[in-house]
>>> print(open('input.pdb').read())   # PDB, C-alpha atoms
ATOM      1  CA  MET A   1       0.000   0.000   0.000
ATOM      2  CA  LEU A   2       2.753   2.412   0.998
ATOM      3  CA  LYS A   3       4.619   1.605  -2.196
ATOM      4  CA  ALA A   4       1.487   2.368  -4.248
ATOM      5  CA  ILE A   5       0.950   5.674  -2.454
ATOM      6  CA  MET A   6       4.584   6.686  -3.017
ATOM      7  CA  HIS A   7       4.269   5.735  -6.666
ATOM      8  CA  LYS A   8       1.214   7.972  -7.030
ATOM      9  CA  ILE A   9       3.008  10.834  -5.280
ATOM     10  CA  GLY A  10       5.975  10.372  -7.599
ATOM     11  CA  LEU A  11       3.770  10.477 -10.666
ATOM     12  CA  ALA A  12       2.008  13.553  -9.357
ATOM     13  CA  ALA A  13       5.340  15.260  -8.716
ATOM     14  CA  LEU A  14       6.580  14.436 -12.203
ATOM     15  CA  SER A  15       3.347  15.719 -13.655
ATOM     16  CA  ALA A  16       3.683  18.936 -11.690
ATOM     17  CA  VAL A  17       7.283  19.426 -12.830
ATOM     18  CA  ALA A  18       6.260  18.790 -16.435
ATOM     19  CA  GLY A  19       3.425  21.247 -16.058
ATOM     20  CA  LEU A  20       5.756  23.893 -14.650
ATOM     21  CA  SER A  21       8.184  23.263 -17.479
ATOM     22  CA  MET A  22       5.440  23.717 -20.051
ATOM     23  CA  LEU A  23       4.284  26.849 -18.262
ATOM     24  CA  ALA A  24       7.799  28.279 -18.275
ATOM     25  CA  THR A  25       8.078  27.595 -21.995
ATOM     26  CA  ALA A  26       4.682  29.115 -22.670
ATOM     27  CA  GLU A  27       5.587  32.176 -20.629
ATOM     28  CA  ALA A  28       8.996  32.702 -22.222
ATOM     29  CA  GLY A  29       9.567  36.425 -22.492
ATOM     30  CA  ASN A  30       9.879  38.338 -25.732
ATOM     31  CA  MET A  31      11.939  41.420 -26.488
ATOM     32  CA  ARG A  32      12.069  43.402 -29.727
ATOM     33  CA  LEU A  33      15.089  45.597 -30.403
ATOM     34  CA  GLY A  34      15.914  47.905 -33.304
ATOM     35  CA  MET A  35      19.429  48.905 -34.375
ATOM     36  CA  THR A  36      21.614  49.901 -37.301
ATOM     37  CA  THR A  37      24.339  47.744 -38.854
ATOM     38  CA  TRP A  38      27.285  47.987 -36.465
ATOM     39  CA  VAL A  39      29.994  45.590 -35.352
ATOM     40  CA  GLY A  40      29.388  46.440 -31.707
ATOM     41  CA  TYR A  41      25.949  44.834 -31.820
ATOM     42  CA  GLY A  42      27.404  41.475 -32.845
ATOM     43  CA  PRO A  43      27.233  39.894 -29.374
ATOM     44  CA  LEU A  44      23.457  40.387 -29.347
ATOM     45  CA  PHE A  45      23.180  38.223 -32.463
ATOM     46  CA  LEU A  46      25.665  35.742 -31.028
ATOM     47  CA  ALA A  47      23.629  35.391 -27.824
ATOM     48  CA  ARG A  48      20.468  34.941 -29.860
ATOM     49  CA  ASP A  49      21.876  32.345 -32.261
ATOM     50  CA  LYS A  50      23.815  30.369 -29.637
ATOM     51  CA  GLY A  51      20.708  30.187 -27.479
ATOM     52  CA  PHE A  52      22.163  32.199 -24.582
ATOM     53  CA  PHE A  53      19.026  34.321 -24.313
ATOM     54  CA  LYS A  54      16.745  31.317 -24.774
ATOM     55  CA  GLU A  55      18.360  29.332 -21.961
ATOM     56  CA  ASN A  56      17.396  32.166 -19.635
ATOM     57  CA  GLY A  57      13.804  32.151 -20.879
ATOM     58  CA  LEU A  58      13.966  35.005 -23.367
ATOM     59  CA  ASP A  59      13.302  35.283 -27.093
ATOM     60  CA  VAL A  60      14.954  38.345 -28.615
ATOM     61  CA  ASP A  61      13.850  39.737 -31.977
ATOM     62  CA  LEU A  62      16.708  41.802 -33.454
ATOM     63  CA  ARG A  63      15.746  44.123 -36.297
ATOM     64  CA  ILE A  64      18.140  46.091 -38.476
ATOM     65  CA  ILE A  65      16.703  49.551 -39.167
ATOM     66  CA  GLU A  66      19.254  51.903 -40.682
ATOM     67  CA  ASP A  67      17.719  55.109 -39.350
ATOM     68  CA  ALA A  68      17.610  56.001 -35.663
ATOM     69  CA  ALA A  69      14.547  58.201 -36.164
ATOM     70  CA  LEU A  70      12.634  55.216 -37.570
ATOM     71  CA  TYR A  71      13.432  52.756 -34.807
ATOM     72  CA  MET A  72      12.790  55.377 -32.143
ATOM     73  CA  ALA A  73       9.407  56.071 -33.749
ATOM     74  CA  ALA A  74       8.687  52.324 -33.705
ATOM     75  CA  ILE A  75       9.486  52.218 -29.985
ATOM     76  CA  ALA A  76       7.219  55.180 -29.306
ATOM     77  CA  ALA A  77       4.449  53.407 -31.242
ATOM     78  CA  GLY A  78       4.867  50.209 -29.216
ATOM     79  CA  GLU A  79       6.197  48.192 -32.166
ATOM     80  CA  LEU A  80       9.600  47.728 -30.486
ATOM     81  CA  ASP A  81      10.572  47.415 -26.834
ATOM     82  CA  GLY A  82      13.893  49.176 -27.162
ATOM     83  CA  ASN A  83      17.012  49.718 -29.217
ATOM     84  CA  ALA A  84      20.765  49.426 -29.386
ATOM     85  CA  SER A  85      22.362  52.797 -30.002
ATOM     86  CA  THR A  86      24.922  55.255 -28.661
ATOM     87  CA  ILE A  87      24.100  57.079 -25.457
ATOM     88  CA  ASP A  88      24.316  60.478 -27.109
ATOM     89  CA  GLU A  89      21.893  59.375 -29.860
ATOM     90  CA  ILE A  90      19.129  58.270 -27.521
ATOM     91  CA  MET A  91      19.514  61.367 -25.354
ATOM     92  CA  LYS A  92      18.001  63.420 -28.173
ATOM     93  CA  TYR A  93      14.757  61.426 -28.021
ATOM     94  CA  ARG A  94      14.243  61.191 -24.262
ATOM     95  CA  SER A  95      11.371  63.344 -23.030
ATOM     96  CA  PRO A  96       8.967  63.399 -20.060
ATOM     97  CA  GLN A  97       6.430  61.658 -22.320
ATOM     98  CA  PHE A  98       8.827  59.141 -23.903
ATOM     99  CA  CYS A  99      10.516  57.230 -21.091
ATOM    100  CA  PHE A 100      13.286  54.705 -21.730
ATOM    101  CA  LYS A 101      16.478  53.806 -19.909
ATOM    102  CA  ALA A 102      19.816  52.176 -20.690
ATOM    103  CA  VAL A 103      20.129  48.827 -18.913
ATOM    104  CA  LEU A 104      23.230  47.411 -20.599
ATOM    105  CA  ALA A 105      26.403  48.836 -22.155
ATOM    106  CA  LEU A 106      27.465  46.906 -25.262
ATOM    107  CA  ASP A 107      30.710  48.361 -26.549
ATOM    108  CA  ASP A 108      32.661  51.479 -27.263
ATOM    109  CA  SER A 109      34.349  52.605 -30.425
ATOM    110  CA  HIS A 110      38.034  51.940 -29.884
ATOM    111  CA  GLY A 111      39.519  53.097 -33.157
ATOM    112  CA  GLY A 112      36.436  52.565 -35.318
ATOM    113  CA  ASP A 113      35.747  56.304 -35.762
ATOM    114  CA  GLY A 114      38.186  58.921 -36.940
ATOM    115  CA  VAL A 115      39.030  62.178 -38.688
ATOM    116  CA  LEU A 116      40.613  61.949 -42.143
ATOM    117  CA  VAL A 117      42.920  64.750 -43.260
ATOM    118  CA  ARG A 118      45.602  65.477 -45.857
ATOM    119  CA  GLU A 119      49.309  65.168 -45.195
ATOM    120  CA  GLY A 120      50.603  68.305 -43.542
ATOM    121  CA  VAL A 121      47.611  68.647 -41.231
ATOM    122  CA  ASN A 122      48.828  67.811 -37.742
ATOM    123  CA  SER A 123      46.073  69.185 -35.518
ATOM    124  CA  LEU A 124      42.455  70.261 -35.694
ATOM    125  CA  LYS A 125      43.639  73.862 -35.523
ATOM    126  CA  ASP A 126      45.325  73.315 -38.887
ATOM    127  CA  LEU A 127      41.829  72.799 -40.336
ATOM    128  CA  LYS A 128      40.549  76.276 -39.430
ATOM    129  CA  GLY A 129      38.520  77.722 -42.272
ATOM    130  CA  GLN A 130      38.562  74.458 -44.227
ATOM    131  CA  GLN A 131      35.711  72.220 -45.354
ATOM    132  CA  VAL A 132      34.927  69.143 -43.247
ATOM    133  CA  GLY A 133      32.440  66.479 -44.336
ATOM    134  CA  MET A 134      30.369  65.184 -41.433
ATOM    135  CA  ASN A 135      26.957  63.728 -40.688
ATOM    136  CA  GLU A 136      25.203  66.416 -38.668
ATOM    137  CA  GLY A 137      23.008  65.147 -35.837
ATOM    138  CA  SER A 138      24.917  61.861 -35.636
ATOM    139  CA  VAL A 139      27.432  60.469 -33.188
ATOM    140  CA  SER A 140      30.118  61.763 -35.570
ATOM    141  CA  GLN A 141      29.071  65.332 -34.832
ATOM    142  CA  PHE A 142      28.879  64.599 -31.111
ATOM    143  CA  TRP A 143      32.370  63.088 -30.999
ATOM    144  CA  PHE A 144      33.896  65.724 -33.285
ATOM    145  CA  ASN A 145      32.543  68.522 -31.108
ATOM    146  CA  ILE A 146      34.191  66.959 -28.050
ATOM    147  CA  LEU A 147      37.459  67.023 -29.985
ATOM    148  CA  LEU A 148      36.908  70.644 -31.014
ATOM    149  CA  THR A 149      36.133  71.668 -27.425
ATOM    150  CA  ARG A 150      39.424  70.170 -26.290
ATOM    151  CA  GLU A 151      41.178  72.410 -28.815
ATOM    152  CA  ASP A 152      39.131  75.460 -27.755
ATOM    153  CA  MET A 153      37.424  75.426 -31.160
ATOM    154  CA  LYS A 154      33.852  75.458 -32.481
ATOM    155  CA  GLU A 155      32.207  74.280 -35.685
ATOM    156  CA  THR A 156      32.042  77.905 -36.799
ATOM    157  CA  ASP A 157      35.846  77.795 -37.079
ATOM    158  CA  LEU A 158      35.343  75.350 -39.968
ATOM    159  CA  GLN A 159      33.142  74.894 -43.033
ATOM    160  CA  ILE A 160      30.924  71.938 -42.152
ATOM    161  CA  THR A 161      29.319  70.083 -45.058
ATOM    162  CA  ASN A 162      26.512  67.772 -44.007
ATOM    163  CA  MET A 163      26.861  64.289 -45.516
ATOM    164  CA  THR A 164      26.761  60.715 -44.305
ATOM    165  CA  ALA A 165      29.916  59.184 -42.875
ATOM    166  CA  ASP A 166      30.229  56.975 -45.960
ATOM    167  CA  ASP A 167      29.740  59.887 -48.362
ATOM    168  CA  ALA A 168      32.195  62.015 -46.405
ATOM    169  CA  ALA A 169      34.851  59.307 -46.729
ATOM    170  CA  ALA A 170      34.133  58.884 -50.453
ATOM    171  CA  ALA A 171      34.388  62.624 -51.035
ATOM    172  CA  PHE A 172      37.659  62.772 -49.114
ATOM    173  CA  ILE A 173      39.188  59.862 -51.005
ATOM    174  CA  ALA A 174      38.081  61.450 -54.297
ATOM    175  CA  GLY A 175      39.887  64.654 -53.319
ATOM    176  CA  GLN A 176      36.687  66.710 -53.149
ATOM    177  CA  ILE A 177      37.037  67.763 -49.515
ATOM    178  CA  PRO A 178      40.146  68.216 -47.339
ATOM    179  CA  ALA A 179      38.783  66.492 -44.232
ATOM    180  CA  ALA A 180      36.081  64.057 -43.166
ATOM    181  CA  VAL A 181      34.677  62.586 -39.974
ATOM    182  CA  THR A 182      33.907  58.940 -40.687
ATOM    183  CA  TRP A 183      34.424  55.370 -39.515
ATOM    184  CA  GLU A 184      35.657  51.935 -40.545
ATOM    185  CA  PRO A 185      36.307  50.474 -43.027
ATOM    186  CA  HIS A 186      37.177  53.872 -44.517
ATOM    187  CA  LEU A 187      39.912  54.622 -41.985
ATOM    188  CA  SER A 188      41.792  51.427 -42.849
ATOM    189  CA  LEU A 189      41.307  52.069 -46.561
ATOM    190  CA  VAL A 190      42.926  55.497 -46.308
ATOM    191  CA  ARG A 191      45.774  54.095 -44.235
ATOM    192  CA  THR A 192      46.366  51.242 -46.694
ATOM    193  CA  LYS A 193      46.207  53.339 -49.845
ATOM    194  CA  LYS A 194      47.980  56.291 -48.220
ATOM    195  CA  GLN A 195      45.393  58.712 -49.605
ATOM    196  CA  GLY A 196      45.792  61.025 -46.652
ATOM    197  CA  LYS A 197      45.928  60.044 -43.002
ATOM    198  CA  VAL A 198      43.870  59.525 -39.879
ATOM    199  CA  LEU A 199      44.505  62.563 -37.699
ATOM    200  CA  ILE A 200      42.810  61.064 -34.646
ATOM    201  CA  ASP A 201      40.672  58.012 -34.014
ATOM    202  CA  SER A 202      38.464  56.853 -31.165
ATOM    203  CA  SER A 203      41.156  54.637 -29.648
ATOM    204  CA  GLN A 204      42.547  57.927 -28.342
ATOM    205  CA  THR A 205      39.208  58.855 -26.775
ATOM    206  CA  PRO A 206      37.993  55.671 -25.026
ATOM    207  CA  GLY A 207      34.542  55.711 -23.515
ATOM    208  CA  LEU A 208      33.124  58.580 -25.573
ATOM    209  CA  ILE A 209      31.249  56.620 -28.251
ATOM    210  CA  VAL A 210      29.395  54.019 -26.194
ATOM    211  CA  ASP A 211      26.560  51.780 -27.359
ATOM    212  CA  VAL A 212      23.855  50.670 -24.966
ATOM    213  CA  VAL A 213      20.583  48.784 -24.983
ATOM    214  CA  ALA A 214      17.772  51.066 -23.868
ATOM    215  CA  LEU A 215      14.317  49.700 -23.047
ATOM    216  CA  THR A 216      11.098  51.536 -22.419
ATOM    217  CA  CYS A 217      10.378  52.228 -18.768
ATOM    218  CA  ASP A 218       7.103  50.362 -19.110
ATOM    219  CA  TYR A 219       8.856  47.249 -20.443
ATOM    220  CA  ILE A 220      11.443  47.319 -17.655
ATOM    221  CA  GLN A 221       8.775  47.629 -15.002
ATOM    222  CA  LYS A 222       6.620  44.815 -16.374
ATOM    223  CA  ASN A 223       9.407  42.396 -17.421
ATOM    224  CA  PRO A 224      12.256  42.443 -14.877
ATOM    225  CA  LYS A 225      13.140  38.768 -15.461
ATOM    226  CA  ASP A 226      13.447  39.381 -19.205
ATOM    227  CA  VAL A 227      15.783  42.318 -18.645
ATOM    228  CA  GLU A 228      17.880  40.112 -16.385
ATOM    229  CA  ALA A 229      17.911  37.382 -19.040
ATOM    230  CA  LEU A 230      19.091  39.898 -21.641
ATOM    231  CA  LEU A 231      22.124  40.809 -19.573
ATOM    232  CA  LYS A 232      22.975  37.219 -18.669
ATOM    233  CA  GLY A 233      22.843  36.187 -22.309
ATOM    234  CA  PHE A 234      24.920  39.131 -23.461
ATOM    235  CA  TYR A 235      27.598  38.612 -20.823
ATOM    236  CA  LYS A 236      27.878  34.960 -21.852
ATOM    237  CA  ALA A 237      28.244  35.978 -25.504
ATOM    238  CA  VAL A 238      31.115  38.353 -24.694
ATOM    239  CA  GLU A 239      32.910  35.594 -22.789
ATOM    240  CA  PHE A 240      32.324  33.222 -25.725
ATOM    241  CA  ILE A 241      34.028  35.710 -28.057
ATOM    242  CA  LYS A 242      37.112  35.651 -25.841
ATOM    243  CA  THR A 243      37.423  31.857 -25.960
ATOM    244  CA  ASN A 244      36.016  31.059 -29.418
ATOM    245  CA  PRO A 245      36.699  34.102 -31.611
ATOM    246  CA  ASP A 246      36.560  32.390 -35.016
ATOM    247  CA  GLU A 247      33.206  30.729 -34.384
ATOM    248  CA  ALA A 248      31.891  33.900 -32.770
ATOM    249  CA  TYR A 249      32.900  36.118 -35.700
ATOM    250  CA  ALA A 250      31.264  33.748 -38.179
ATOM    251  CA  ILE A 251      27.981  33.758 -36.252
ATOM    252  CA  MET A 252      28.017  37.508 -35.648
ATOM    253  CA  ALA A 253      28.866  38.296 -39.278
ATOM    254  CA  LYS A 254      25.912  36.244 -40.481
ATOM    255  CA  GLY A 255      23.600  37.843 -37.945
ATOM    256  CA  VAL A 256      24.584  41.481 -38.411
ATOM    257  CA  GLY A 257      24.968  41.127 -42.172
ATOM    258  CA  GLY A 258      25.319  44.076 -44.538
ATOM    259  CA  TYR A 259      28.882  45.217 -45.091
ATOM    260  CA  LEU A 260      29.926  42.939 -42.203
ATOM    261  CA  GLU A 261      28.508  39.700 -43.630
ATOM    262  CA  LYS A 262      31.945  38.145 -44.212
ATOM    263  CA  PRO A 263      33.595  36.776 -41.053
ATOM    264  CA  GLU A 264      36.967  38.229 -42.044
ATOM    265  CA  ASP A 265      35.421  41.692 -42.484
ATOM    266  CA  PHE A 266      33.641  41.402 -39.160
ATOM    267  CA  ALA A 267      36.851  40.314 -37.424
ATOM    268  CA  GLU A 268      38.707  43.273 -38.911
ATOM    269  CA  ALA A 269      35.981  45.707 -37.868
ATOM    270  CA  ALA A 270      35.935  44.202 -34.375
ATOM    271  CA  LYS A 271      39.482  45.479 -33.867
ATOM    272  CA  GLY A 272      37.970  48.960 -33.679
ATOM    273  CA  VAL A 273      35.575  48.238 -30.810
ATOM    274  CA  ARG A 274      35.777  47.040 -27.233
ATOM    275  CA  PHE A 275      32.978  44.676 -26.241
ATOM    276  CA  TYR A 276      31.767  45.290 -22.691
ATOM    277  CA  ASP A 277      31.748  42.346 -20.309
ATOM    278  CA  GLN A 278      30.109  42.490 -16.878
ATOM    279  CA  PRO A 279      33.035  44.111 -15.011
ATOM    280  CA  ARG A 280      33.300  46.759 -17.699
ATOM    281  CA  ASN A 281      29.552  47.431 -17.455
ATOM    282  CA  ILE A 282      29.842  47.977 -13.730
ATOM    283  CA  GLU A 283      32.873  50.221 -14.216
ATOM    284  CA  PHE A 284      31.278  52.265 -17.008
ATOM    285  CA  PHE A 285      27.929  52.946 -15.356
ATOM    286  CA  GLY A 286      29.535  53.837 -12.045
ATOM    287  CA  THR A 287      27.114  55.705  -9.808
ATOM    288  CA  PRO A 288      24.726  58.646 -10.226
ATOM    289  CA  GLU A 289      27.358  60.806  -8.541
ATOM    290  CA  LYS A 290      30.508  59.641 -10.294
ATOM    291  CA  GLY A 291      31.553  57.686 -13.375
ATOM    292  CA  GLU A 292      31.976  57.602 -17.122
ATOM    293  CA  ALA A 293      28.249  57.342 -17.872
ATOM    294  CA  LYS A 294      27.465  60.441 -15.828
ATOM    295  CA  ASP A 295      30.281  62.390 -17.498
ATOM    296  CA  LEU A 296      29.174  61.272 -20.952
ATOM    297  CA  MET A 297      25.599  62.390 -20.340
ATOM    298  CA  GLU A 298      26.834  65.765 -19.164
ATOM    299  CA  LEU A 299      28.678  66.116 -22.470
ATOM    300  CA  GLY A 300      25.505  65.109 -24.297
ATOM    301  CA  ASN A 301      23.502  67.784 -22.510
ATOM    302  CA  LYS A 302      26.133  70.365 -23.337
ATOM    303  CA  ILE A 303      26.713  69.495 -26.983
ATOM    304  CA  TRP A 304      23.241  68.489 -28.148
ATOM    305  CA  GLY A 305      21.693  71.140 -25.931
ATOM    306  CA  GLY A 306      23.897  73.699 -27.659
ATOM    307  CA  PHE A 307      22.479  72.601 -31.010
ATOM    308  CA  GLN A 308      18.910  72.669 -29.617
ATOM    309  CA  LYS A 309      18.478  68.946 -30.214
ATOM    310  CA  MET A 310      17.428  67.998 -26.670
ATOM    311  CA  LYS A 311      13.841  67.711 -25.477
ATOM    312  CA  MET A 312      14.873  67.948 -21.814
ATOM    313  CA  THR A 313      17.979  68.231 -19.692
ATOM    314  CA  ILE A 314      18.795  64.636 -18.800
ATOM    315  CA  THR A 315      20.112  63.361 -15.494
ATOM    316  CA  TYR A 316      21.660  59.973 -14.777
ATOM    317  CA  ALA A 317      18.389  58.793 -13.207
ATOM    318  CA  ASP A 318      16.455  59.836 -16.314
ATOM    319  CA  LEU A 319      18.455  57.604 -18.654
ATOM    320  CA  VAL A 320      20.077  54.788 -16.675
ATOM    321  CA  ASP A 321      18.779  51.772 -14.756
ATOM    322  CA  THR A 322      21.580  49.739 -13.184
ATOM    323  CA  SER A 323      19.276  47.329 -11.343
ATOM    324  CA  TYR A 324      20.356  44.416 -13.536
ATOM    325  CA  ILE A 325      24.056  44.871 -14.324
ATOM    326  CA  ASN A 326      25.081  42.489 -11.529
ATOM    327  CA  SER A 327      22.953  39.652 -12.963
ATOM    328  CA  LYS A 328      24.723  36.296 -12.536
TER     329      LYS A 328
END
>>> encode(input="input.pdb", output="structure tokens")
Amino acid sequence: MLKAIMHKIGLAALSAVAGLSMLATAEAGNMRLGMTTWVGYGPLFLARDKGFFKENGLDVDLRIIEDAALYMAAIAAGELDGNASTIDEIMKYRSPQFCFKAVLALDDSHGGDGVLVREGVNSLKDLKGQQVGMNEGSVSQFWFNILLTREDMKETDLQITNMTADDAAAAFIAGQIPAAVTWEPHLSLVRTKKQGKVLIDSSQTPGLIVDVVALTCDYIQKNPKDVEALLKGFYKAVEFIKTNPDEAYAIMAKGVGGYLEKPEDFAEAAKGVRFYDQPRNIEFFGTPEKGEAKDLMELGNKIWGGFQKMKMTITYADLVDTSYINSK
């Protein structure tokens, strides 16, 4: 009799476990993120395709949208839950009515952005009065203005021509403009062909061009376990890159696609970024009183505010949620 009772209890327990398992699968979270084509977003695709998000109960839908205004509009409309972008970029969209916060730092440009000039130009001051091709309203303008400020210069000291980073590089290489603010692979191309030089690149300004994942405040509040799963999966992907770079580059190249669809091109581009693991996330975000994130947002307020591109003055608490960065 006792054996029969124990058998029934065992079956009931197994049934309950199976039911919980099915419930967990049915209740697997979903997250939809928009982003442009950028090497720094590779670990998100790696975590998705290796199942690192899934093993923590999260399905992540990654969508390439090559215009920040479009993916931010999709977030505002409820069609996306968040985005991957630079901190300075998302600052321009934050408002009292449109609440979102950065929960994870992905990477920083570590040589992937730069200023192209002709031989003989040895400082930004040598460019005074000259034409510079640059994408106005983009991270290129943000970064370039930090450089100008350090030289006690302003854009009015130059002739700024608004063009995309790719077009600026093409115009420079064609000899149509004397300087351009652009990014890889154009920097390497100029170095290889010796069609000018890279005056300064972002390896000399670490921590200024930083990509983050920002999620709507509503999503964060309603889905804390999914936010935690996002960070766990991403951290695991960054560690995987360290130990299995060839496999990681192949997976990330396929996922990101575009001009990075070949593993060798992705690997080359990856030399210009620094992927952020968990310790680096903790270091970067710091505290509301002190740290790189706080300093970077202050620069954003100053630069984008000066160009009247901000909807509000943003504090650390307005844009950052560090509740999950210690996720194990």
>>> residues_around(input="input.pdb", residues="stretch 149-158 of chain A", least_positions_apart="5", cutoff="8 Å", atoms="all atoms listed in the file", output="list in words")
Leu124, Lys125, Leu127, Lys128, Gly129, Gln130, Gln131 and Val132 of chain A
>>> residues_around(input="input.pdb", residues="A:Asp88", least_positions_apart="2", cutoff="7 Å", atoms="all atoms listed in the file", output="compact mmCIF listing (two decimals) with C-alpha atoms, in the coordinates of the input")
# COMPACT_ATOMS: atom_id res chain seq x y z
CA THR A 86 24.92 55.26 -28.66
CA ILE A 90 19.13 58.27 -27.52
CA MET A 91 19.51 61.37 -25.35
CA VAL A 139 27.43 60.47 -33.19
CA GLY A 300 25.50 65.11 -24.30
>>> atom_distance(input="input.pdb", atom1="atom CA of A:Ser202", atom2="atom CA of A:Glu292")
15.5 Å
>>> residues_near_point(input="input.pdb", point="(44.6, 62.0, -36.5)", cutoff="10 Å", atoms="all atoms listed in the file", output="NGL selection string")
:A and (114-117 or 121-124 or 197-202 or 204)
>>> resolve_selection(input="input.pdb", expression="the PyMOL selection byres ((chain A and resi 223) around 12)", output="list of chain:residue names")
A:Glu27, A:Ala28, A:Gly29, A:Asn30, A:Met31, A:Gly57, A:Leu58, A:Asp81, A:Leu215, A:Thr216, A:Cys217, A:Asp218, A:Tyr219, A:Ile220, A:Gln221, A:Lys222, A:Pro224, A:Lys225, A:Asp226, A:Val227, A:Glu228, A:Ala229, A:Leu230, A:Tyr324
>>> closest_residue(input="input.pdb", among="A:Pro96, A:Pro43, A:Gly82, A:Gly112", to="A:Ala269", atoms="all atoms listed in the file")
A:Gly112
>>> closest_residue(input="input.pdb", among="A:Asp113, A:Asp211, A:Glu261, A:Asp321", to="A:Ala169", atoms="all atoms listed in the file")
A:Asp113
>>> resolve_selection(input="input.pdb", expression="the PyMOL selection byres ((chain A and resi 257) around 10)", output="ChimeraX atom specification")
/A:37-39,42,64,251-256,258-263,266
>>> axis_aligned_box(input="input.pdb", around="stretch 276-279 of chain A", padding_each_side="8 Å", output="AutoDock Vina command-line options")
--center_x 31.6 --center_y 43.8 --center_z -18.9 --size_x 18.9 --size_y 18.9 --size_z 23.7
>>> closest_atom_pairs(input="input.pdb", of="stretch 166-252 of chain A", to="stretch 271-282 of chain A", cutoff="8 Å", atoms="only C-alpha atoms", output="JSON lines")
{"residue": "A:Glu184", "atom": "CA", "partner": "A:Gly272", "partner_atom": "CA", "distance": 7.8}
{"residue": "A:Ser203", "atom": "CA", "partner": "A:Gly272", "partner_atom": "CA", "distance": 7.7}
{"residue": "A:Tyr235", "atom": "CA", "partner": "A:Asp277", "partner_atom": "CA", "distance": 5.6}
{"residue": "A:Val238", "atom": "CA", "partner": "A:Asp277", "partner_atom": "CA", "distance": 6.0}
{"residue": "A:Glu239", "atom": "CA", "partner": "A:Asp277", "partner_atom": "CA", "distance": 7.3}
>>> residues_around(input="input.pdb", residues="A:Thr161", least_positions_apart="5", cutoff="9 Å", atoms="only C-alpha atoms", output="PDB file with C-alpha atoms, keeping the file's coordinate frame")
ATOM      1  CA  GLN A 131      35.711  72.220 -45.354  1.00  0.00           C
ATOM      2  CA  VAL A 132      34.927  69.143 -43.247  1.00  0.00           C
ATOM      3  CA  GLY A 133      32.440  66.479 -44.336  1.00  0.00           C
ATOM      4  CA  MET A 134      30.369  65.184 -41.433  1.00  0.00           C
ATOM      5  CA  ASN A 135      26.957  63.728 -40.688  1.00  0.00           C
ATOM      6  CA  GLU A 136      25.203  66.416 -38.668  1.00  0.00           C
ATOM      7  CA  ALA A 168      32.195  62.015 -46.405  1.00  0.00           C
TER       8      ALA A 168
END
>>> atom_distance(input="input.pdb", atom1="atom CA of A:Ala76", atom2="atom CA of A:Ala317")
19.9 Å
>>> closest_residue(input="input.pdb", among="A:Asn56, A:Ser140, A:Ser85, A:Gln97", to="A:Lys311", atoms="all atoms listed in the file")
A:Gln97
>>> atom_distance(input="input.pdb", atom1="atom CA of A:Ile65", atom2="atom CA of A:Leu44")
15.0 Å
>>> build_atoms(input="input.pdb", residues="stretch 244-255 of chain A", atoms="N, CA and C atoms", output="tab-separated table (two decimals), in the frame of the given file")
chain	number	residue	atom	x	y	z
A	244	ASN	N	36.29	31.67	-28.11
A	244	ASN	CA	36.02	31.06	-29.42
A	244	ASN	C	35.83	32.13	-30.48
A	245	PRO	N	36.86	32.95	-30.72
A	245	PRO	CA	36.70	34.10	-31.61
A	245	PRO	C	36.29	33.76	-33.04
A	246	ASP	N	36.87	32.72	-33.62
A	246	ASP	CA	36.56	32.39	-35.02
A	246	ASP	C	35.10	32.01	-35.18
A	247	GLU	N	34.61	31.13	-34.31
A	247	GLU	CA	33.21	30.73	-34.38
A	247	GLU	C	32.30	31.92	-34.11
A	248	ALA	N	32.70	32.74	-33.14
A	248	ALA	CA	31.89	33.90	-32.77
A	248	ALA	C	31.79	34.89	-33.93
A	249	TYR	N	32.92	35.17	-34.59
A	249	TYR	CA	32.90	36.12	-35.70
A	249	TYR	C	32.03	35.62	-36.84
A	250	ALA	N	32.08	34.32	-37.10
A	250	ALA	CA	31.26	33.75	-38.18
A	250	ALA	C	29.77	33.91	-37.88
A	251	ILE	N	29.39	33.64	-36.64
A	251	ILE	CA	27.98	33.76	-36.25
A	251	ILE	C	27.54	35.22	-36.26
A	252	MET	N	28.37	36.10	-35.72
A	252	MET	CA	28.02	37.51	-35.65
A	252	MET	C	27.95	38.14	-37.03
A	253	ALA	N	28.87	37.76	-37.92
A	253	ALA	CA	28.87	38.30	-39.28
A	253	ALA	C	27.57	37.93	-40.00
A	254	LYS	N	27.15	36.69	-39.85
A	254	LYS	CA	25.91	36.24	-40.48
A	254	LYS	C	24.71	36.98	-39.90
A	255	GLY	N	24.73	37.20	-38.60
A	255	GLY	CA	23.60	37.84	-37.94
A	255	GLY	C	23.49	39.31	-38.26
